[in-house]
Structure formats: C-alpha cells, structure tokens
Amino acid sequence: MAKKKNNPTPKKSGEPKGKKVVVTTGQQKKQKIKPTVSKKRTTTRSAVVQNPMDQGELVFGKKNYLVMGIGIAIIFLGMALMAGGGQDPNEWNVDEIYSPIRLTLAPILILLGLGLQIYAIFLKK
C-alpha cells in the first residue's frame with residue numbers, strides 16, 4: 001500500500017514548479033567592493049594627558065597628605081574614645097558604657113575625620 005505524501009504548503013496554480021531562476025543581462029557593470037578602512041585620528045601634543053605617576057610625581061601634594069594624616073589621626077582618636085577604657089567583662093557599668101563621650105563625641109570625631117579625608121582629596125596641590 002502506498003502512502004500519500006502530505007505537502008504542508010500547497011502551491012498556487014500560477015507558480016512554476018521547481019527553483020526560481022533570476023536572469024540578468026550582461027549590460028550591468030560589476031562593482032568591486034572595497035574593504036572599509038578606519039580613519040586614523042591625529043592628536044596634538046597638547047591634547048595628550050600625561051600620567052603624573054610616569055614622571056615620578058606623587059598624585060597629591062604635601063598639603064594634601066598633611067591634611068589626610070590629621071584626618072586619620074582624628075578617626076583613630078574617635079575609635080579609641082568609642083572603645084573606652086579597660087573594664088572587667090563580668091561587671092556592667094552603665095555610666096561608662098552609655099557615657100556622652102562614647103555616644104556623641106566619638107562619632108562626631110570619626111565623621112569629622114572622614115570629612116577631612118574628603119577635603120584633602122579635593123584640595124589643590
């Protein structure tokens with residue numbers, strides 16, 4: 001018994017059977033396709049930015065590093081004040097734990113030190 005082949009796309013009555021053939025006349029000129037070439041950019045010496053590290057210079061000036069050092073010292077002072085003094089771990093001293101130095105002065109000093117760090121970064125040489 002022969003099986004019927006199912007054609008999923010029925011052909012219209014006006015279409016020719018087989019492959020489509022495109023006929024061109026010999027009058028058309030063949031164009032040669034050239035590869036694209038990127039244009040080179042020319043830069044002047046004034047437009048080139050030199051890296052200060054290439055010349056052995058420091059990124060910041062002496063004044064910047066001085067202000068950064070002061071800021072770091074203030075941050076460490078705030079951390080030391082927040083840590084407090086030596087206390088026996090078995091005792092609970094409410095006045096020492098909740099003292100105004102630990103709750104207000106130490107965080108203010110830490111934020112002041114961080115502010116000095118930001119100021120030192122933006123300070124001109």
# chains A, B, ... in the order shown; residues from 1 in each chain; ligands from 1

call {"tool": "residues_around", "arguments": {"residues": "Pro100 (chain A)", "least_positions_apart": "6", "cutoff": "12 Å", "atoms": "only C-alpha atoms", "output": "compact mmCIF listing (two decimals) with N, CA and C atoms, in the first residue's frame"}}
result
# COMPACT_ATOMS: atom_id res chain seq x y z
N LEU A 81 38.15 56.61 71.67
CA LEU A 81 37.17 57.10 72.64
C LEU A 81 35.91 56.23 72.63
N MET A 82 35.55 55.70 71.50
CA MET A 82 34.37 54.86 71.43
C MET A 82 34.61 53.50 72.11
N GLY A 84 36.54 52.98 74.67
CA GLY A 84 36.53 53.19 76.11
C GLY A 84 37.75 52.60 76.79
N VAL A 94 26.94 51.00 83.82
CA VAL A 94 26.05 51.73 82.91
C VAL A 94 26.61 53.12 82.60
N ALA A 106 32.68 60.69 70.29
CA ALA A 106 33.45 59.76 69.45
C ALA A 106 32.89 59.68 68.02
N PRO A 107 31.58 59.51 67.82
CA PRO A 107 31.07 59.50 66.45
C PRO A 107 31.27 60.83 65.72
N ILE A 108 31.18 61.94 66.45
CA ILE A 108 31.42 63.25 65.83
C ILE A 108 32.86 63.35 65.36

call {"tool": "residues_around", "arguments": {"residues": "Leu66 (chain A)", "least_positions_apart": "2", "cutoff": "12 Å", "atoms": "only C-alpha atoms", "output": "PyMOL selection string"}}
result
chain A and resi 60-64+68-73+116-117+119-121+123+125

call {"tool": "closest_residue", "arguments": {"among": "A:Ile101, A:Leu77, A:Gln87, A:Val67", "to": "Gly115 (chain A)", "atoms": "only C-alpha atoms"}}
result
A:Val67

call {"tool": "closest_residue", "arguments": {"among": "A:Val21, A:Ile74, A:Val59, A:Val37", "to": "Leu112 (chain A)", "atoms": "only C-alpha atoms"}}
result
A:Ile74

call {"tool": "closest_residue", "arguments": {"among": "A:Ile110, A:Gly56, A:Gln31, A:Ala83", "to": "Tyr98 (chain A)", "atoms": "only C-alpha atoms"}}
result
A:Ala83

call {"tool": "select_by_dssp", "arguments": {"residues": "region 64-102 of chain A", "states": "helix (DSSP H, G or I)", "output": "number ranges by chain"}}
result
A: 64-83, 94-97, 100-102

call {"tool": "write_last_selection", "arguments": {"atoms": "C-alpha atoms", "output": "short mmCIF file (atom, residue, chain, number, x, y, z; two decimals), in the first residue's frame"}}
result
data_model
loop_
_atom_site.label_atom_id
_atom_site.label_comp_id
_atom_site.auth_asym_id
_atom_site.auth_seq_id
_atom_site.Cartn_x
_atom_site.Cartn_y
_atom_site.Cartn_z
CA ASN A 64 47.02 67.08 50.87
CA TYR A 65 49.00 64.37 52.65
CA LEU A 66 49.29 66.53 55.78
CA VAL A 67 45.50 67.03 55.94
CA MET A 68 44.99 63.28 55.28
CA GLY A 69 47.30 62.42 58.16
CA ILE A 70 45.43 64.76 60.51
CA GLY A 71 42.12 63.21 59.39
CA ILE A 72 43.39 59.68 60.04
CA ALA A 73 44.62 60.71 63.50
CA ILE A 74 41.21 62.19 64.34
CA ILE A 75 39.47 58.99 63.15
CA PHE A 76 41.75 56.87 65.38
CA LEU A 77 41.09 59.19 68.33
CA GLY A 78 37.33 58.78 67.79
CA MET A 79 37.70 54.99 67.63
CA ALA A 80 39.75 54.95 70.85
CA LEU A 81 37.17 57.10 72.64
CA MET A 82 34.37 54.86 71.43
CA ALA A 83 36.17 51.73 72.65
CA VAL A 94 26.05 51.73 82.91
CA ASP A 95 27.69 55.15 83.37
CA GLU A 96 30.81 54.08 81.47
CA ILE A 97 29.01 52.27 78.64
CA PRO A 100 28.33 61.06 76.42
CA ILE A 101 31.91 60.60 75.23
CA ARG A 102 31.10 57.22 73.66
#
